[in-house]
Structures are given as C-alpha cells and as structure tokens.
Amino acid sequence: MLVALVAGLVGSSGLDVGGRLLFALAAAAAFAFAVAETDLGDLVRHPAVAALGALAAFEFASLGWTIGDVGDGAWWAVSVLAAALLTVAAAAVTKRHGGVLFLAGAICLLAAGSAAVGVVAVAAERAPWAECLSGVWRAGGPLQYPPALALLQVSAAPMALCWMCGTRRLAALGGAVVGGLAVGAIALSGSRTPIALGGLLALCFVLRPGLLGASRGQLTAAAAAAIAVGLSLVAVARSDLGWVSAVAVMALVLVAAAVGWVHLRERQRLRLPAAGLAVAAALALTVGATAASPAQCGVPPDGGFAHGRIALWQSAGQTALERPLLGAGAAAFLPATAERQGDAPVRFGHSLPIELAVELGGLGVVAWLGLMGGLVVALRRVRGHQALALLGPAAVAFPLANLVDWSWHLVGALAVWSVALGGLIGARHRP
C-alpha cells in the first residue's frame, strides 16, 4: 500500500506508463494480502467500491469503440481498477486496531516530503517540480502539478494538527514541521480551490474542536503557528538568497519553529498572542519578498477568471450530446472535443463528471453519481469516529477539487484518495 501511495511520484507524476504500472502492481499486491488476511465480502459490496469497479468496467468496455488512443485508454482503465483494489485494501487495514492512524500518518508523511520538494524547487526555480506562471514560480513537487500538491497538503492537515495538539512532544515537533510545510506548499502553489478548501477545513476544526479531540484554543494556536511557519517559508523561497542559502534558512526556520511550538503550547496565555504576532511578521516578510524580487518567466493564463473552463465545458457538453449513452470512449476527450476547442485544445476536461459524459456517456455519469453516493454513505457511517476527522477531508476534498480540475488523472493523487476512502469504509468495523 505504501508503494502504491508513492507510485505517482515516479516519472511524469504517474501520467506515464511506468508510474501507472507500479501503481497497479502495488495495489493488486495490497489487495492480495488483504484477501489472505481477512474477509472482504462486506467491503467489496460497499456502494463506493462497486461504483469504482463499474467505472473501471465501463472504461475497459469503451476500448471497443474509443476514438482516442487505445493504449492510453487501457492504462487509464487499469488505473481506475487499481484504485478500487487499493480502496478495499485500505479498508481492510482500517479494520485493524490503529489502522486509521496508520493511513492518516502515511498520507501526512507523503505530503510533507512532497511539500519539501515543491518548496525547494521554487527556491531553486527548477522545473518540473515547480512551474512559472505569470512571472511567479509555483510549487508542484513530485506530482509536478501545483493544484495536486496543494490538495495533498489539505489531505494531510488534520493529522498534522492532531500531532501538534497531542500530548507527545516528538509528535508535536513533527506536526509543526508538517503543518508549516503544508501551508508553505499551499501558498506557493497559487491554486485557488485548494486554498479555499484548506481555509474551510481549518475553520471547521476551530468551530468543532471535538473532531480532533482538542480545545478550540489549542487548534486555533496550532493553525496560526502552522500559517506563520508556512508564510515564512514562502518569504524565504521567493527571496534573492540563492537556493542553497534559502534551503539552509528554511531548515533553520522549521527546526526553530517546531521547538518553539513545543514550548509555547504549554503556556496557554502566551500561545495565541505569540502565534498572532508570528503570522503578522510572516505576512510582512512574504509581501516584502514577493514585491522585491518578482520572477521574469512564464506566460499569463488566459480565459479570464475561470481560465477558459467555461468555454471548455460548453464545448464538452455539445460533444457529449452527440453520443449521449456510450460516449466517445476511454481517453477520447481530446480527439472528441479538439475541433470545438479551437487553436489551443487541452487534454483533459477540467471537470470529472463533464469529462466522463464525453468519454463514457450517460453510463459514466451514472457511475460517478454512484461513487459520490457511496462516499456519502461512508461518511455517514463513521460519524463520531476519528476516521471522519483524519480521513474525511481527504476523501471529500479530492472529488470537490475535480469538479473544476483534472488531478484525478494523477495516480499519486488518486492513490491518496483511494486510501482515504478505504479508511472511511473500513473504520465503521471498529469502535
């Protein structure tokens, strides 16, 4: 399962054959071990798993009539099937004691490593782990796509906050580092949807602190401390220090902030004012660094506020109506819509249900609706369980983001979502 989680970091962020093959093999192996260890009957019959399996079956079947590349379509169908297998394997892990903490911790550590790569890449101005758009370098990390990196950090945030507010000092140190890296990567991604989802998640935890078993003051201070550290990393990454010096300074910031948080969190009267002052100072540094050294690279996005998505969706909708039942086939979005897209066609639909309507027709949309219904069922069944707080945000944020994006096609991001969904499914079997 851990191999499947990191498979999307191989090659072109899981878009190439190597990454997808590794992901599929690891997911199949995890599923095989799960079959040998426990009864999977109730897990396989879960609505979300059944919908994923149906979606994979439709993808395979559509290879018979696709107007796209059959090889690409076949590999994508294999990836969807692997996601279903990984979901079941994660559910089997969660049925064991400590399974939820194991899965959430694995996602958290994966996110921290990816964030570190993305932040350093911005400081070094190195592609493909960072990309320059509108004169600003944005963190993409091993996923090589800033919105996907930011979404991964949102998925890891609950566990980081839990560690920061816990009783163990070592966990608090790690949580402060992970939280700071997460905020820094989200800010450096410049992606609006993950930033909005991250802010909404932080607000939910502050308003409902019982979800993480901490007080409101603890969570508010922890969130503020993570924001302060993250913005400090942003300021350093976008400074003129040079990337080697910037990495050294960022390491010192992380260590000092983590140690400072461990001592500060035990002083209730001081932690909120101190965190507030740190956020204010970090904001000032970030604004100053960004204004002082703008990068001269990249091209500005076109298409207005929605970056051309509205026109793209209109073209896709017109195309979907031509084949309303079966669609144009797997991996056929680009060839099916290229003529309507105009001079600069894009490969993906930037909205999963719309893309499925083009490629798989009504059957694909029905499978997607079944998948969303299965997710709602999984969430309802774990009310009051720690899995809802630690894995629920990752399971929900991913499909929400893919209403306006295409990170569904990155097997690294898909693997994280599969593990989170499986964790929710299996969590109801434990008190």
# chains A, B, ... in the order shown; residues from 1 in each chain; ligands from 1

$ closest_atom_pairs --of "segment 7-90 of chain A" --to "segment 401-418 of chain A" --cutoff "7 Å" --atoms "only C-alpha atoms" --output "JSON lines"
{"residue": "A:Ala7", "atom": "CA", "partner": "A:Gly412", "partner_atom": "CA", "distance": 6.1}
{"residue": "A:Gly8", "atom": "CA", "partner": "A:Gly412", "partner_atom": "CA", "distance": 3.5}
{"residue": "A:Leu9", "atom": "CA", "partner": "A:Gly412", "partner_atom": "CA", "distance": 6.3}
{"residue": "A:Ser13", "atom": "CA", "partner": "A:Leu410", "partner_atom": "CA", "distance": 6.3}
{"residue": "A:Gly14", "atom": "CA", "partner": "A:Val411", "partner_atom": "CA", "distance": 5.1}
{"residue": "A:Leu15", "atom": "CA", "partner": "A:Leu410", "partner_atom": "CA", "distance": 6.0}
{"residue": "A:Arg20", "atom": "CA", "partner": "A:Val411", "partner_atom": "CA", "distance": 6.7}
{"residue": "A:Ala83", "atom": "CA", "partner": "A:Ser418", "partner_atom": "CA", "distance": 5.8}
{"residue": "A:Leu86", "atom": "CA", "partner": "A:Ser418", "partner_atom": "CA", "distance": 6.2}
{"residue": "A:Thr87", "atom": "CA", "partner": "A:Ser418", "partner_atom": "CA", "distance": 4.8}

$ closest_atom_pairs --of "segment 214-265 of chain A" --to "segment 199-206 of chain A" --cutoff "12 Å" --atoms "only C-alpha atoms" --output "Markdown table"
| residue | atom | partner | partner_atom | distance |
| --- | --- | --- | --- | --- |
| A:Ala214 | CA | A:Phe205 | CA | 9.3 |
| A:Ser215 | CA | A:Val206 | CA | 8.5 |
| A:Arg216 | CA | A:Val206 | CA | 5.6 |
| A:Gly217 | CA | A:Val206 | CA | 8.2 |
| A:Gln218 | CA | A:Val206 | CA | 8.9 |
| A:Leu219 | CA | A:Val206 | CA | 6.0 |
| A:Thr220 | CA | A:Val206 | CA | 6.0 |
| A:Ala221 | CA | A:Val206 | CA | 9.7 |
| A:Ala222 | CA | A:Val206 | CA | 10.0 |
| A:Ala223 | CA | A:Ala202 | CA | 7.1 |
| A:Ala224 | CA | A:Ala202 | CA | 9.9 |
| A:Ala226 | CA | A:Ala202 | CA | 11.0 |
| A:Ile227 | CA | A:Ala202 | CA | 10.7 |

$ residues_around --residues "Ala91 of chain A" --least-positions-apart "5" --cutoff "8 Å" --atoms "only C-alpha atoms" --output "PyMOL selection string"
chain A and resi 43+419+421-427

$ atom_distance --atom1 "atom CA of Ala235 of chain A" --atom2 "atom CA of Val177 of chain A"
16.4 Å

$ residues_around --residues "Val376 of chain A" --least-positions-apart "5" --cutoff "9 Å" --atoms "only C-alpha atoms" --output "number ranges by chain"
A: 48, 371, 381

$ atom_distance --atom1 "atom CA of Leu22 of chain A" --atom2 "atom CA of Ala74 of chain A"
14.9 Å

$ residues_around --residues "segment 108-116 of chain A" --least-positions-apart "5" --cutoff "8 Å" --atoms "only C-alpha atoms" --output "ChimeraX atom specification"
/A:5-6,139,141-143,149,152-153,155-157,159-160,178,181-182,184-185

$ atom_distance --atom1 "atom CA of Ala330 of chain A" --atom2 "atom CA of Gly308 of chain A"
23.4 Å

$ select_by_dssp --residues "segment 123-327 of chain A" --states "strand (DSSP E)" --output "NGL selection string"
:A and (130-133 or 136-139)

$ write_last_selection --atoms "N, CA, C and O atoms" --output "compact mmCIF listing (two decimals), in the first residue's frame"
# COMPACT_ATOMS: atom_id res chain seq x y z
N ALA A 130 8.63 22.65 -10.02
CA ALA A 130 7.99 23.97 -9.88
C ALA A 130 7.77 24.49 -11.29
O ALA A 130 8.50 24.13 -12.22
N GLU A 131 6.74 25.29 -11.46
CA GLU A 131 6.47 25.86 -12.77
C GLU A 131 6.22 27.36 -12.62
O GLU A 131 5.73 27.82 -11.59
N CYS A 132 6.59 28.10 -13.65
CA CYS A 132 6.45 29.55 -13.61
C CYS A 132 5.26 29.97 -14.44
O CYS A 132 5.15 29.61 -15.62
N LEU A 133 4.38 30.70 -13.82
CA LEU A 133 3.17 31.18 -14.49
C LEU A 133 2.94 32.62 -14.08
O LEU A 133 2.94 32.94 -12.89
N VAL A 136 5.56 34.14 -11.70
CA VAL A 136 5.68 33.62 -10.34
C VAL A 136 5.93 32.12 -10.39
O VAL A 136 5.20 31.38 -11.06
N TRP A 137 6.96 31.67 -9.68
CA TRP A 137 7.23 30.24 -9.58
C TRP A 137 6.27 29.61 -8.59
O TRP A 137 6.07 30.13 -7.49
N ARG A 138 5.68 28.49 -8.99
CA ARG A 138 4.68 27.82 -8.16
C ARG A 138 5.13 26.38 -7.88
O ARG A 138 5.65 25.70 -8.75
N ALA A 139 4.89 25.95 -6.64
CA ALA A 139 5.35 24.64 -6.20
C ALA A 139 4.47 23.54 -6.78
O ALA A 139 3.25 23.57 -6.64

$ residues_around --residues "Val366 of chain A" --least-positions-apart "5" --cutoff "12 Å" --atoms "only C-alpha atoms" --output "ChimeraX atom specification"
/A:51-52,54-55,58,325-326,353-354,356-357,360-361,371-373

$ closest_residue --among "A:Ala61, A:Ala344, A:Ala127, A:Ala34" --to "Leu85 of chain A" --atoms "only C-alpha atoms"
A:Ala34

$ select_by_dssp --residues "segment 389-421 of chain A" --states "alpha helix (DSSP H)" --output "list in words"
Ala389, Leu390, Gly392, Pro393, Ala394, Ala395, Val396, Ala397, Phe398, Pro399, Leu400, Ala401, Val411, Gly412, Ala413, Leu414, Ala415, Val416, Trp417, Ser418, Val419, Ala420 and Leu421 of chain A

$ write_last_selection --atoms "N, CA, C and O atoms" --output "compact mmCIF listing (two decimals), in the first residue's frame"
# COMPACT_ATOMS: atom_id res chain seq x y z
N ALA A 389 -12.59 12.73 11.01
CA ALA A 389 -11.75 13.92 11.09
C ALA A 389 -10.43 13.75 10.37
O ALA A 389 -9.94 14.67 9.72
N LEU A 390 -9.83 12.55 10.46
CA LEU A 390 -8.48 12.36 9.93
C LEU A 390 -8.47 11.99 8.45
O LEU A 390 -7.53 12.35 7.72
N GLY A 392 -11.67 11.91 6.46
CA GLY A 392 -12.81 12.50 5.76
C GLY A 392 -12.44 13.68 4.88
O GLY A 392 -12.88 13.76 3.72
N PRO A 393 -11.61 14.63 5.37
CA PRO A 393 -11.24 15.77 4.50
C PRO A 393 -10.56 15.35 3.20
O PRO A 393 -10.84 15.91 2.14
N ALA A 394 -9.68 14.36 3.26
CA ALA A 394 -9.01 13.89 2.04
C ALA A 394 -10.01 13.24 1.10
O ALA A 394 -9.94 13.43 -0.13
N ALA A 395 -10.95 12.48 1.66
CA ALA A 395 -11.94 11.80 0.83
C ALA A 395 -12.91 12.76 0.17
O ALA A 395 -13.39 12.52 -0.94
N VAL A 396 -13.19 13.89 0.82
CA VAL A 396 -14.16 14.85 0.30
C VAL A 396 -13.50 15.89 -0.60
O VAL A 396 -14.04 16.28 -1.64
N ALA A 397 -12.31 16.37 -0.20
CA ALA A 397 -11.65 17.45 -0.95
C ALA A 397 -11.31 17.02 -2.38
O ALA A 397 -11.40 17.83 -3.31
N PHE A 398 -10.92 15.77 -2.57
CA PHE A 398 -10.50 15.31 -3.88
C PHE A 398 -11.62 15.40 -4.93
O PHE A 398 -11.43 16.00 -6.00
N PRO A 399 -12.80 14.81 -4.68
CA PRO A 399 -13.86 14.96 -5.69
C PRO A 399 -14.35 16.39 -5.84
O PRO A 399 -14.75 16.78 -6.95
N LEU A 400 -14.32 17.18 -4.77
CA LEU A 400 -14.71 18.58 -4.91
C LEU A 400 -13.75 19.33 -5.83
O LEU A 400 -14.17 20.08 -6.71
N ALA A 401 -12.45 19.12 -5.63
CA ALA A 401 -11.47 19.78 -6.48
C ALA A 401 -11.58 19.34 -7.93
O ALA A 401 -11.38 20.12 -8.86
N VAL A 411 -1.98 9.46 -10.76
CA VAL A 411 -2.21 8.29 -9.91
C VAL A 411 -1.72 8.50 -8.49
O VAL A 411 -2.20 7.84 -7.57
N GLY A 412 -0.78 9.42 -8.29
CA GLY A 412 -0.37 9.73 -6.91
C GLY A 412 -1.51 10.34 -6.12
O GLY A 412 -1.78 9.95 -4.98
N ALA A 413 -2.20 11.30 -6.73
CA ALA A 413 -3.36 11.92 -6.07
C ALA A 413 -4.50 10.92 -5.95
O ALA A 413 -5.21 10.88 -4.94
N LEU A 414 -4.69 10.10 -6.99
CA LEU A 414 -5.75 9.09 -6.96
C LEU A 414 -5.50 8.07 -5.86
O LEU A 414 -6.44 7.62 -5.19
N ALA A 415 -4.25 7.70 -5.65
CA ALA A 415 -3.91 6.72 -4.61
C ALA A 415 -4.23 7.27 -3.22
O ALA A 415 -4.78 6.54 -2.37
N VAL A 416 -3.91 8.53 -2.96
CA VAL A 416 -4.20 9.13 -1.66
C VAL A 416 -5.70 9.13 -1.41
O VAL A 416 -6.18 8.80 -0.31
N TRP A 417 -6.47 9.49 -2.43
CA TRP A 417 -7.92 9.50 -2.26
C TRP A 417 -8.46 8.09 -2.03
O TRP A 417 -9.34 7.87 -1.20
N SER A 418 -7.94 7.10 -2.75
CA SER A 418 -8.38 5.72 -2.58
C SER A 418 -8.13 5.22 -1.17
O SER A 418 -8.98 4.55 -0.56
N VAL A 419 -6.95 5.55 -0.64
CA VAL A 419 -6.62 5.13 0.73
C VAL A 419 -7.54 5.81 1.74
O VAL A 419 -8.01 5.17 2.70
N ALA A 420 -7.80 7.11 1.55
CA ALA A 420 -8.69 7.81 2.47
C ALA A 420 -10.11 7.25 2.40
O ALA A 420 -10.76 7.03 3.44
N LEU A 421 -10.60 7.00 1.20
CA LEU A 421 -11.94 6.43 1.05
C LEU A 421 -12.01 5.05 1.68
O LEU A 421 -12.97 4.72 2.39

$ closest_residue --among "A:Leu264, A:Leu63, A:Ala150, A:Val78" --to "Gly327 of chain A" --atoms "only C-alpha atoms"
A:Leu63

$ closest_residue --among "A:Ala316, A:Leu211, A:Val262, A:Val358" --to "Ala171 of chain A" --atoms "only C-alpha atoms"
A:Val262

$ closest_residue --among "A:Gly213, A:Cys165, A:Leu312, A:Gly71" --to "Val17 of chain A" --atoms "only C-alpha atoms"
A:Gly71

$ residues_around --residues "Val244 of chain A" --least-positions-apart "2" --cutoff "12 Å" --atoms "only C-alpha atoms" --output "list in words"
Val120, Ala121, Val122, Ala123, Ala124, Glu125, Val236, Ala237, Ser239, Asp240, Leu241, Gly242, Ala246, Val247, Ala248, Val249, Met250 and Ala251 of chain A

$ write_last_selection --atoms "C-alpha atoms" --output "PDB file, in the first residue's frame"
ATOM      1  CA  VAL A 120      12.844  23.832  -2.528  1.00  0.00           C
ATOM      2  CA  ALA A 121      12.052  23.723  -6.259  1.00  0.00           C
ATOM      3  CA  VAL A 122      10.539  27.219  -6.011  1.00  0.00           C
ATOM      4  CA  ALA A 123      13.657  28.497  -4.257  1.00  0.00           C
ATOM      5  CA  ALA A 124      15.835  26.864  -6.920  1.00  0.00           C
ATOM      6  CA  GLU A 125      13.443  27.836  -9.749  1.00  0.00           C
ATOM      7  CA  VAL A 236      12.475  32.685   2.038  1.00  0.00           C
ATOM      8  CA  ALA A 237      11.684  30.637  -1.086  1.00  0.00           C
ATOM      9  CA  SER A 239      13.836  35.813  -1.773  1.00  0.00           C
ATOM     10  CA  ASP A 240      17.141  36.528  -3.517  1.00  0.00           C
ATOM     11  CA  LEU A 241      19.243  34.411  -1.161  1.00  0.00           C
ATOM     12  CA  GLY A 242      20.063  31.776  -3.737  1.00  0.00           C
ATOM     13  CA  ALA A 246      17.367  29.509   1.062  1.00  0.00           C
ATOM     14  CA  VAL A 247      17.222  25.781   1.850  1.00  0.00           C
ATOM     15  CA  ALA A 248      19.529  26.260   4.834  1.00  0.00           C
ATOM     16  CA  VAL A 249      17.446  29.161   6.158  1.00  0.00           C
ATOM     17  CA  MET A 250      14.212  27.207   5.667  1.00  0.00           C
ATOM     18  CA  ALA A 251      15.642  24.266   7.593  1.00  0.00           C
TER      19      ALA A 251
END
